[in-house]
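Colleague: What follows is my_file.cif, mmCIF, C-alpha atoms and all ligand atoms.
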data_structure
#
loop_
_atom_site.label_atom_id
_atom_site.label_comp_id
_atom_site.auth_asym_id
_atom_site.auth_seq_id
_atom_site.Cartn_x
_atom_site.Cartn_y
_atom_site.Cartn_z
CA MET A 1 41.70 8.65 5.74
CA GLU A 2 38.02 7.69 5.39
CA ARG A 3 37.20 4.11 6.11
CA SER A 4 34.60 3.84 3.36
CA SER A 5 33.03 5.60 0.44
CA PHE A 6 30.25 6.76 2.75
CA GLY A 7 32.61 9.53 3.88
CA GLY A 8 31.75 11.42 7.01
CA ASN A 9 28.03 10.91 6.72
CA SER A 10 26.45 8.08 8.61
CA PRO A 11 24.95 5.60 6.18
CA VAL A 12 21.23 5.13 6.47
CA TYR A 13 20.09 1.60 7.13
CA LEU A 14 16.36 2.05 6.82
CA LEU A 15 15.65 -1.61 6.19
CA SER A 16 16.83 -2.56 9.66
CA VAL A 17 13.48 -1.23 10.87
CA LEU A 18 11.91 -4.35 9.35
CA TYR A 19 13.43 -6.43 12.16
CA GLY A 20 11.29 -4.48 14.58
CA LYS A 21 7.59 -4.10 14.98
CA PRO A 22 5.43 -2.27 12.43
CA GLN A 23 3.25 0.47 13.88
CA ALA A 24 0.22 -0.42 11.78
CA ALA A 25 -1.11 -2.95 9.28
CA ALA A 26 -4.01 -3.35 6.88
CA HIS A 27 -5.39 -6.83 6.31
CA ILE A 28 -6.53 -6.91 2.70
CA THR A 29 -9.53 -8.82 1.42
CA GLY A 30 -11.03 -8.95 -2.04
CA SER A 31 -14.50 -7.85 -3.05
CA ASP A 32 -17.26 -10.40 -3.73
CA SER A 33 -16.01 -10.60 -7.33
CA TYR A 34 -12.41 -11.24 -6.17
CA PRO A 35 -12.76 -13.51 -3.12
CA GLU A 36 -9.29 -15.05 -3.55
CA ILE A 37 -7.44 -11.81 -2.88
CA SER A 38 -5.86 -11.61 0.56
CA GLY A 39 -2.75 -10.20 2.14
CA THR A 40 -1.25 -7.62 4.45
CA VAL A 41 0.20 -4.14 4.11
CA TRP A 42 2.60 -3.21 6.91
CA PHE A 43 3.60 0.32 7.94
CA TYR A 44 6.90 1.07 9.66
CA GLN A 45 7.61 4.63 10.83
CA THR A 46 11.22 5.77 10.31
CA ASN A 47 12.80 9.20 10.66
CA LYS A 48 12.97 9.39 6.83
CA GLY A 49 9.35 8.51 6.20
CA VAL A 50 7.18 5.42 6.31
CA ILE A 51 8.33 2.08 4.93
CA VAL A 52 5.35 0.33 3.38
CA CYS A 53 5.56 -3.42 2.80
CA ALA A 54 2.77 -5.19 0.93
CA GLU A 55 2.37 -8.91 0.27
CA ILE A 56 -0.82 -9.80 -1.60
CA SER A 57 -1.93 -13.11 -3.11
CA GLY A 58 -4.91 -14.24 -5.15
CA LEU A 59 -4.73 -11.33 -7.59
CA PRO A 60 -6.01 -11.77 -11.17
CA ARG A 61 -3.48 -13.86 -13.07
CA SER A 62 -1.89 -13.61 -16.47
CA LYS A 63 1.07 -15.53 -17.77
CA ALA A 64 0.66 -14.29 -21.32
CA PRO A 65 3.69 -12.40 -22.60
CA CYS A 66 3.31 -8.61 -22.50
CA GLN A 67 0.06 -8.88 -20.53
CA GLU A 68 1.25 -9.07 -16.94
CA HIS A 69 -1.24 -7.46 -14.58
CA ILE A 70 -0.43 -4.16 -12.87
CA PHE A 71 -2.70 -2.91 -10.11
CA GLY A 72 -3.29 0.65 -8.93
CA PHE A 73 -2.49 0.95 -5.22
CA HIS A 74 -3.55 3.83 -2.98
CA ILE A 75 -4.43 4.94 0.52
CA HIS A 76 -7.97 6.28 0.43
CA THR A 77 -9.49 8.82 2.83
CA GLY A 78 -12.41 6.75 4.11
CA SER A 79 -12.30 4.54 7.16
CA SER A 80 -14.50 1.67 5.93
CA CYS A 81 -14.40 -1.04 3.27
CA GLU A 82 -18.20 -1.08 2.98
CA GLY A 83 -19.94 -0.33 -0.28
CA ASP A 84 -22.72 -1.27 -2.66
CA MET A 85 -23.28 -3.23 -5.85
CA ALA A 86 -21.92 -0.45 -8.06
CA ASP A 87 -18.79 0.15 -5.95
CA PRO A 88 -18.01 -2.58 -3.41
CA PHE A 89 -15.71 -0.28 -1.42
CA ALA A 90 -17.51 3.04 -1.93
CA GLU A 91 -16.99 4.11 1.68
CA ALA A 92 -13.23 4.12 1.18
CA MET A 93 -13.92 7.33 -0.80
CA SER A 94 -11.14 9.06 -2.77
CA HIS A 95 -7.35 9.21 -2.53
CA TYR A 96 -5.99 10.47 0.79
CA ASP A 97 -5.14 14.10 0.01
CA PRO A 98 -4.68 16.34 3.07
CA HIS A 99 -2.81 19.04 1.11
CA GLY A 100 -5.18 19.63 -1.83
CA CYS A 101 -2.80 18.22 -4.47
CA GLU A 102 -3.57 16.74 -7.87
CA HIS A 103 -3.04 13.09 -8.69
CA PRO A 104 -0.35 11.62 -8.54
CA HIS A 105 0.75 13.99 -5.80
CA HIS A 106 -1.93 12.91 -3.35
CA ALA A 107 -0.32 11.74 -0.12
CA GLY A 108 -2.08 8.41 -0.62
CA ASP A 109 -0.71 7.73 -4.11
CA LEU A 110 1.54 4.66 -3.93
CA PRO A 111 3.64 2.71 -6.45
CA PRO A 112 1.42 0.19 -8.26
CA LEU A 113 1.61 -3.51 -7.50
CA PHE A 114 3.10 -5.75 -10.20
CA GLY A 115 1.41 -9.13 -10.44
CA ASN A 116 3.44 -12.34 -10.61
CA ASP A 117 0.93 -15.04 -11.47
CA GLY A 118 -1.38 -13.70 -8.79
CA LEU A 119 1.24 -12.69 -6.23
CA ALA A 120 2.55 -9.19 -5.53
CA LEU A 121 5.28 -8.09 -3.15
CA SER A 122 6.26 -4.45 -2.77
CA LEU A 123 8.40 -2.49 -0.36
CA PHE A 124 9.00 1.25 -0.63
CA LEU A 125 9.58 4.47 1.30
CA THR A 126 7.22 7.45 1.28
CA ASP A 127 7.48 10.65 3.29
CA ARG A 128 4.07 11.93 2.21
CA PHE A 129 2.44 10.86 5.49
CA SER A 130 3.20 9.47 8.92
CA VAL A 131 1.74 6.23 10.22
CA ASP A 132 -0.33 8.26 12.69
CA GLU A 133 -1.92 10.21 9.84
CA VAL A 134 -3.11 7.16 7.90
CA GLU A 135 -4.26 5.05 10.83
CA GLY A 136 -7.97 4.33 10.39
CA ARG A 137 -7.88 5.05 6.64
CA THR A 138 -8.07 2.43 3.90
CA VAL A 139 -5.71 0.70 1.45
CA ILE A 140 -7.28 0.00 -1.94
CA ILE A 141 -6.11 -2.22 -4.81
CA HIS A 142 -7.55 -1.53 -8.28
CA ASP A 143 -7.95 -3.79 -11.31
CA HIS A 144 -6.03 -1.48 -13.67
CA PRO A 145 -2.66 0.24 -13.55
CA ASP A 146 -2.49 3.82 -12.34
CA ASP A 147 -1.51 6.03 -15.30
CA PHE A 148 -0.19 8.73 -12.92
CA THR A 149 -1.77 11.40 -15.15
CA THR A 150 -5.58 11.20 -15.37
CA GLN A 151 -7.53 13.18 -12.72
CA PRO A 152 -8.65 12.53 -10.13
CA SER A 153 -7.43 8.98 -9.65
CA GLY A 154 -5.17 7.83 -12.48
CA ASN A 155 -7.86 5.89 -14.38
CA SER A 156 -7.07 2.83 -12.29
CA GLY A 157 -10.53 1.28 -12.62
CA THR A 158 -12.55 -0.78 -10.20
CA LYS A 159 -11.66 -1.25 -6.54
CA ILE A 160 -11.02 -5.00 -6.18
CA ALA A 161 -9.60 -5.26 -2.64
CA CYS A 162 -9.55 -3.18 0.53
CA GLY A 163 -8.25 -3.11 4.08
CA VAL A 164 -8.50 -0.69 6.99
CA ILE A 165 -5.16 0.50 8.43
CA GLU A 166 -5.10 -0.48 12.09
CA ARG A 167 -2.59 0.28 14.80
CA ILE A 168 -0.77 -2.80 16.04
CA THR A 169 -1.12 -3.21 19.76
CA ASP A 170 -1.09 -6.97 20.18
CA SER A 171 2.45 -7.99 21.11
CA CYS A 172 1.75 -11.54 19.94
CA GLN A 173 0.92 -10.38 16.42
CA GLN A 174 2.96 -11.93 13.64
CA TYR A 175 5.22 -9.55 11.76
CA VAL A 176 6.92 -9.65 8.42
CA PHE A 177 10.05 -11.24 9.84
CA PRO A 178 8.86 -13.13 12.92
CA ASN A 179 11.66 -14.51 15.09
CU CU B 201 -7.44 3.92 -5.24
ZN ZN B 202 -4.20 10.08 -6.34
#
Let's see the structure in the file written out as structure tokens.

Modeller:
Amino acid sequence: MERSSFGGNSPVYLLSVLYGKPQAAAHITGSDSYPEISGTVWFYQTNKGVIVCAEISGLPRSKAPCQEHIFGFHIHTGSSCEGDMADPFAEAMSHYDPHGCEHPHHAGDLPPLFGNDGLALSLFLTDRFSVDEVEGRTVIIHDHPDDFTTQPSGNSGTKIACGVIERITDSCQQYVFPN
């Protein structure tokens, strides 16, 4: 008789990877207009895809009922968070899209961040890329929700924060669950 409802298949415990070391991280900073935004996006490679964990503070706040902020969240192709007055992170370029897909099927299209009085925490799995493929690219947070329909980028508005995805090599680096 089976010991559990999992039957003969081994259960998958993806979250246990969070006790280990992420392969890469992006340190997020806001644009000149959003200097309070800061945080980290961590990338953990698993054999089912990449677990992405984002913790971001200093986002635009709203406590008004029915007006909670939602922020578009993507990996962009570019390797720099430089820009100009019109677009502070112009060099991040467009959504990471190695397979020529339409939005929201770009590899870099991620679940949006839900604001909680300026704080967002998100953790999800995606098998659209490996950590190796996105290393050196950029994570972008937008000021509007992604509508997951409009081309080419979901009408998610201005880029308000950015970070370059960097491989973690420093063994003293602090992780999500430091011991
Ligand atoms: Cu974007
Ligand atoms: Zn997209």

Colleague: May I ask which of the residues A:Thr77, A:Ser57, A:Thr46, A:Thr169 is the closest one to ligand CU 201 (chain B), counting all atoms listed in the file?

Modeller: A:Thr77

Colleague: For ligand ZN 202 (chain B), list the contacting residues at 9 Å or closer, counting all atoms listed in the file, as a PDB file with C-alpha atoms, in the frame of the given file.

Modeller:
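The resulting file, part-v5.pdb, is reproduced below:
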ATOM      1  CA  HIS A  74      -3.550   3.830  -2.980  1.00  0.00           C
ATOM      2  CA  ILE A  75      -4.430   4.940   0.520  1.00  0.00           C
ATOM      3  CA  HIS A  76      -7.970   6.280   0.430  1.00  0.00           C
ATOM      4  CA  SER A  94     -11.140   9.060  -2.770  1.00  0.00           C
ATOM      5  CA  HIS A  95      -7.350   9.210  -2.530  1.00  0.00           C
ATOM      6  CA  TYR A  96      -5.990  10.470   0.790  1.00  0.00           C
ATOM      7  CA  ASP A  97      -5.140  14.100   0.010  1.00  0.00           C
ATOM      8  CA  CYS A 101      -2.800  18.220  -4.470  1.00  0.00           C
ATOM      9  CA  GLU A 102      -3.570  16.740  -7.870  1.00  0.00           C
ATOM     10  CA  HIS A 103      -3.040  13.090  -8.690  1.00  0.00           C
ATOM     11  CA  PRO A 104      -0.350  11.620  -8.540  1.00  0.00           C
ATOM     12  CA  HIS A 105       0.750  13.990  -5.800  1.00  0.00           C
ATOM     13  CA  HIS A 106      -1.930  12.910  -3.350  1.00  0.00           C
ATOM     14  CA  ALA A 107      -0.320  11.740  -0.120  1.00  0.00           C
ATOM     15  CA  GLY A 108      -2.080   8.410  -0.620  1.00  0.00           C
ATOM     16  CA  ASP A 109      -0.710   7.730  -4.110  1.00  0.00           C
ATOM     17  CA  LEU A 110       1.540   4.660  -3.930  1.00  0.00           C
ATOM     18  CA  ASP A 146      -2.490   3.820 -12.340  1.00  0.00           C
ATOM     19  CA  PHE A 148      -0.190   8.730 -12.920  1.00  0.00           C
ATOM     20  CA  GLN A 151      -7.530  13.180 -12.720  1.00  0.00           C
ATOM     21  CA  PRO A 152      -8.650  12.530 -10.130  1.00  0.00           C
ATOM     22  CA  SER A 153      -7.430   8.980  -9.650  1.00  0.00           C
ATOM     23  CA  GLY A 154      -5.170   7.830 -12.480  1.00  0.00           C
TER      24      GLY A 154
END

Colleague: Tell me, in Å to one decimal, how far atom CA of A:Ile28 is from atom CA of A:His142.

Modeller: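 The value is 12.3 Å.
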
Colleague: Expressed in Å to a single decimal, how great is the separation between atom CA of A:Thr149 and atom CA of A:Ser38?

Modeller: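 Here the two named atoms are 28.2 Å from each other.
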
Colleague: Could you give me the centre and size, in Å to one decimal, of an axis-aligned box around all listed atoms of stretch 102-106 of chain A with 8 Å added on every side, as JSON?

Modeller:
{"center_x": -1.4, "center_y": 14.2, "center_z": -6.0, "size_x": 20.3, "size_y": 21.1, "size_z": 21.3}

Colleague: Env of A:Ile168: 7 Å cut, atoms = all atoms listed in the file, seq-sep filter 3 positions within chain, self excluded. Answer as a PyMOL selection string.

Modeller: chain A and resi 23-25

Colleague: From the set A:Thr40, A:Thr138, A:Ser130, A:Asn47, which residue has the shortest atom-to-atom contact distance to A:Ser79, counting only C-alpha atoms?

Modeller: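 Using only C-alpha atoms, A:Ser79 sits closest to A:Thr138.
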
Colleague: List the spatial neighbours of A:Ser62 as number ranges by chain - criterion: any atom at most 8 Å away, all atoms listed in the file, same-chain residues fewer than 4 positions off excluded.

Modeller: A: 67-69, 117-118
